[in-house]
Amino acid sequence: MDILGLRIDDIDMEEALKKAYDAIIIKDNFKYIFTPNAEICMAALKDKRLMTALNSSYMNIPDGEGVILASKILKTPLKEKVPGCVFVQNLLNLKKSFSVYLLGASEESVIKAKENIFKKYPHISISGYRNGYFVKDDVEGIIDDINTAQPDVIIIGLGAPQQELFIYDNRNRIKSGLAIGVGGTIDILSGYAKRAPEFFCKYKLEWLYRLAKQPKRFKRMLSIPAFLIKCKIHVMKKKKD
Ligand code: UDP
């Protein structure tokens, strides 16, 4: 479906996993998946390149209650929320053998994530890793490392919109594999960050938990209601026409 010009795939978790696994086994050209939440959607409305990047993906999964709410406001409700971090963990948990390259988070976090994957998902092999703190001059070396490792899946957690733009800008240089832009998921895999407890998820309050954990996100999170208001205005304008 289309949310103010941004393509979001109307898929549930099972369908998203199947589509991702299909790409892993087909192994033709480089593909990428994004996990847009309302914050990224709002950012894309202000940044044409980000919008183009998002719309060029193999799949955009609806990550977050804000996107679901937006789809309801636009009267084209999406099936369900597919949180990016759960999607990645479920993909690793498919009990299928494939190789993974981790790019993102701090050095300690990415090493711990690699160790945890090794213990928890023994059918997965890690073909390489790199922390997410680098400068422009390092990019070529990182791409070379990924191309030498030839991973099936590249988990990229550099925060938004850096990860989306990194993937888009390098889409013709990365030779193969399925990249997934995952925000803070490497920190969840390492145990350095926790997903919101069940209570918050049940009452659709994950944003509140995140805000309590990282109060400096407040300003950024204002883009969520701003995005919903934009959707509402869009519907009202359409009604008028
Ligand atoms: N990060 C990174 N390089 C940077 C900035 C951030 O690797 O230059 C990592 C950071 O360590 C964290 C993730 O990106 O693991 C950002 O997580 P967050 O949940 O804040 O993602 P967002 O909501 O920004 O997509």
# chains A, B, ... in the order shown; residues from 1 in each chain; ligands from 1

call {"tool": "residues_near_ligand", "arguments": {"ligand": "ligand 1", "cutoff": "6 Å", "atoms": "only C-alpha atoms and all ligand atoms", "output": "PyMOL selection string"}}
result
chain A and resi 104-106+132-133+157-160+183-184+186-187

call {"tool": "residues_around", "arguments": {"residues": "stretch 109-123 of chain A", "least_positions_apart": "3", "cutoff": "12 Å", "atoms": "only C-alpha atoms", "output": "ChimeraX atom specification"}}
result
/A:88-106,126-133,155-158,184-193

call {"tool": "select_by_dssp", "arguments": {"residues": "stretch 85-124 of chain A", "states": "helix (DSSP H, G or I)", "output": "number ranges by chain"}}
result
A: 85-92, 107-120

call {"tool": "closest_atom_pairs", "arguments": {"of": "stretch 115-208 of chain A", "to": "stretch 23-34 of chain A", "cutoff": "8 Å", "atoms": "only C-alpha atoms", "output": "tab-separated table"}}
result
residue	atom	partner	partner_atom	distance
A:Asp152	CA	A:Ile24	CA	6.0
A:Val153	CA	A:Ile24	CA	7.2
A:Glu164	CA	A:Phe34	CA	7.1
A:Ile167	CA	A:Tyr32	CA	7.5
A:Arg171	CA	A:Phe30	CA	7.0
A:Asn172	CA	A:Phe30	CA	8.0
A:Ile174	CA	A:Phe30	CA	6.6
A:Lys175	CA	A:Phe30	CA	5.9
A:Ser176	CA	A:Phe30	CA	4.1
A:Gly177	CA	A:Phe30	CA	5.1
A:Leu178	CA	A:Lys31	CA	4.9
A:Ala179	CA	A:Tyr32	CA	4.5
A:Ile180	CA	A:Ile33	CA	4.8
A:Gly181	CA	A:Phe34	CA	5.1
A:Val182	CA	A:Phe34	CA	7.3

call {"tool": "residues_around", "arguments": {"residues": "A:Lys75", "least_positions_apart": "5", "cutoff": "12 Å", "atoms": "only C-alpha atoms", "output": "PyMOL selection string"}}
result
chain A and resi 1-3+68-70+231-232+234-236+238-239

call {"tool": "select_by_dssp", "arguments": {"residues": "stretch 110-229 of chain A", "states": "strand (DSSP E or B)", "output": "VMD selection string"}}
result
chain A and resid 125 to 130 153 to 157 178 to 181

call {"tool": "write_last_selection", "arguments": {"atoms": "N, CA, C and O atoms", "output": "PDB file, in the first residue's frame"}}
result
ATOM      1  N   SER A 125      25.813 -19.073  10.344  1.00  0.00           N
ATOM      2  CA  SER A 125      27.253 -18.775  10.438  1.00  0.00           C
ATOM      3  C   SER A 125      27.461 -17.273  10.276  1.00  0.00           C
ATOM      4  O   SER A 125      26.729 -16.612   9.527  1.00  0.00           O
ATOM      5  N   ILE A 126      28.433 -16.762  10.993  1.00  0.00           N
ATOM      6  CA  ILE A 126      28.737 -15.319  10.897  1.00  0.00           C
ATOM      7  C   ILE A 126      29.925 -15.160   9.958  1.00  0.00           C
ATOM      8  O   ILE A 126      31.014 -15.677  10.221  1.00  0.00           O
ATOM      9  N   SER A 127      29.690 -14.459   8.865  1.00  0.00           N
ATOM     10  CA  SER A 127      30.792 -14.346   7.888  1.00  0.00           C
ATOM     11  C   SER A 127      31.587 -13.065   8.059  1.00  0.00           C
ATOM     12  O   SER A 127      32.586 -12.857   7.378  1.00  0.00           O
ATOM     13  N   GLY A 128      31.169 -12.192   8.954  1.00  0.00           N
ATOM     14  CA  GLY A 128      31.936 -10.983   9.215  1.00  0.00           C
ATOM     15  C   GLY A 128      31.146 -10.013  10.061  1.00  0.00           C
ATOM     16  O   GLY A 128      29.929 -10.189  10.248  1.00  0.00           O
ATOM     17  N   TYR A 129      31.821  -9.022  10.588  1.00  0.00           N
ATOM     18  CA  TYR A 129      31.132  -7.989  11.354  1.00  0.00           C
ATOM     19  C   TYR A 129      31.955  -6.709  11.326  1.00  0.00           C
ATOM     20  O   TYR A 129      33.162  -6.729  11.054  1.00  0.00           O
ATOM     21  N   ARG A 130      31.274  -5.596  11.622  1.00  0.00           N
ATOM     22  CA  ARG A 130      31.950  -4.293  11.653  1.00  0.00           C
ATOM     23  C   ARG A 130      31.092  -3.368  12.496  1.00  0.00           C
ATOM     24  O   ARG A 130      29.873  -3.342  12.330  1.00  0.00           O
ATOM     25  N   VAL A 153      22.941 -12.813   4.321  1.00  0.00           N
ATOM     26  CA  VAL A 153      22.155 -11.727   4.922  1.00  0.00           C
ATOM     27  C   VAL A 153      23.107 -10.704   5.534  1.00  0.00           C
ATOM     28  O   VAL A 153      24.093 -11.076   6.176  1.00  0.00           O
ATOM     29  N   ILE A 154      22.819  -9.431   5.324  1.00  0.00           N
ATOM     30  CA  ILE A 154      23.633  -8.357   5.918  1.00  0.00           C
ATOM     31  C   ILE A 154      22.713  -7.562   6.841  1.00  0.00           C
ATOM     32  O   ILE A 154      21.782  -6.892   6.374  1.00  0.00           O
ATOM     33  N   ILE A 155      22.950  -7.690   8.129  1.00  0.00           N
ATOM     34  CA  ILE A 155      22.125  -6.985   9.112  1.00  0.00           C
ATOM     35  C   ILE A 155      22.779  -5.626   9.359  1.00  0.00           C
ATOM     36  O   ILE A 155      23.905  -5.558   9.846  1.00  0.00           O
ATOM     37  N   ILE A 156      22.064  -4.555   8.987  1.00  0.00           N
ATOM     38  CA  ILE A 156      22.670  -3.214   9.046  1.00  0.00           C
ATOM     39  C   ILE A 156      21.907  -2.320  10.032  1.00  0.00           C
ATOM     40  O   ILE A 156      20.752  -1.943   9.793  1.00  0.00           O
ATOM     41  N   GLY A 157      22.559  -2.034  11.137  1.00  0.00           N
ATOM     42  CA  GLY A 157      21.934  -1.211  12.183  1.00  0.00           C
ATOM     43  C   GLY A 157      22.749   0.024  12.473  1.00  0.00           C
ATOM     44  O   GLY A 157      23.573   0.044  13.382  1.00  0.00           O
ATOM     45  N   LEU A 178      21.154 -10.272   1.010  1.00  0.00           N
ATOM     46  CA  LEU A 178      19.928  -9.573   1.378  1.00  0.00           C
ATOM     47  C   LEU A 178      20.244  -8.689   2.575  1.00  0.00           C
ATOM     48  O   LEU A 178      20.530  -9.197   3.669  1.00  0.00           O
ATOM     49  N   ALA A 179      20.238  -7.377   2.368  1.00  0.00           N
ATOM     50  CA  ALA A 179      20.512  -6.454   3.485  1.00  0.00           C
ATOM     51  C   ALA A 179      19.199  -6.109   4.177  1.00  0.00           C
ATOM     52  O   ALA A 179      18.153  -6.009   3.529  1.00  0.00           O
ATOM     53  N   ILE A 180      19.273  -5.963   5.486  1.00  0.00           N
ATOM     54  CA  ILE A 180      18.086  -5.541   6.242  1.00  0.00           C
ATOM     55  C   ILE A 180      18.495  -4.360   7.119  1.00  0.00           C
ATOM     56  O   ILE A 180      19.418  -4.468   7.932  1.00  0.00           O
ATOM     57  N   GLY A 181      17.826  -3.241   6.945  1.00  0.00           N
ATOM     58  CA  GLY A 181      18.080  -2.058   7.793  1.00  0.00           C
ATOM     59  C   GLY A 181      17.287  -2.222   9.071  1.00  0.00           C
ATOM     60  O   GLY A 181      16.064  -2.297   9.035  1.00  0.00           O
TER      61      GLY A 181
END

call {"tool": "closest_residue", "arguments": {"among": "A:Lys194, A:Lys237, A:Lys72, A:Arg7", "to": "A:Ala53", "atoms": "only C-alpha atoms"}}
result
A:Arg7

call {"tool": "residues_around", "arguments": {"residues": "A:Lys79", "least_positions_apart": "5", "cutoff": "10 Å", "atoms": "only C-alpha atoms", "output": "list in words"}}
result
Asp9, Asp10, Ile11, Asp12, Met13, Pro62, Ile68 and Ser71 of chain A

call {"tool": "residues_around", "arguments": {"residues": "stretch 203-216 of chain A", "least_positions_apart": "4", "cutoff": "7 Å", "atoms": "only C-alpha atoms", "output": "list in words"}}
result
Glu65, Ala196 and Phe199 of chain A

call {"tool": "write_last_selection", "arguments": {"atoms": "C-alpha atoms", "output": "CSV table (one decimal), in the first residue's frame"}}
result
chain,number,residue,atom,x,y,z
A,65,GLU,CA,2.1,1.1,15.7
A,196,ALA,CA,9.7,-3.1,25.6
A,199,PHE,CA,2.7,-4.8,29.0

call {"tool": "atom_distance", "arguments": {"atom1": "atom CA of A:Leu228", "atom2": "atom CA of A:Lys19"}}
result
28.4 Å

call {"tool": "atom_distance", "arguments": {"atom1": "atom CA of A:Leu165", "atom2": "atom CA of A:Ile73"}}
result
28.2 Å

call {"tool": "atom_distance", "arguments": {"atom1": "atom CA of A:Leu222", "atom2": "atom CA of A:Leu50"}}
result
19.1 Å
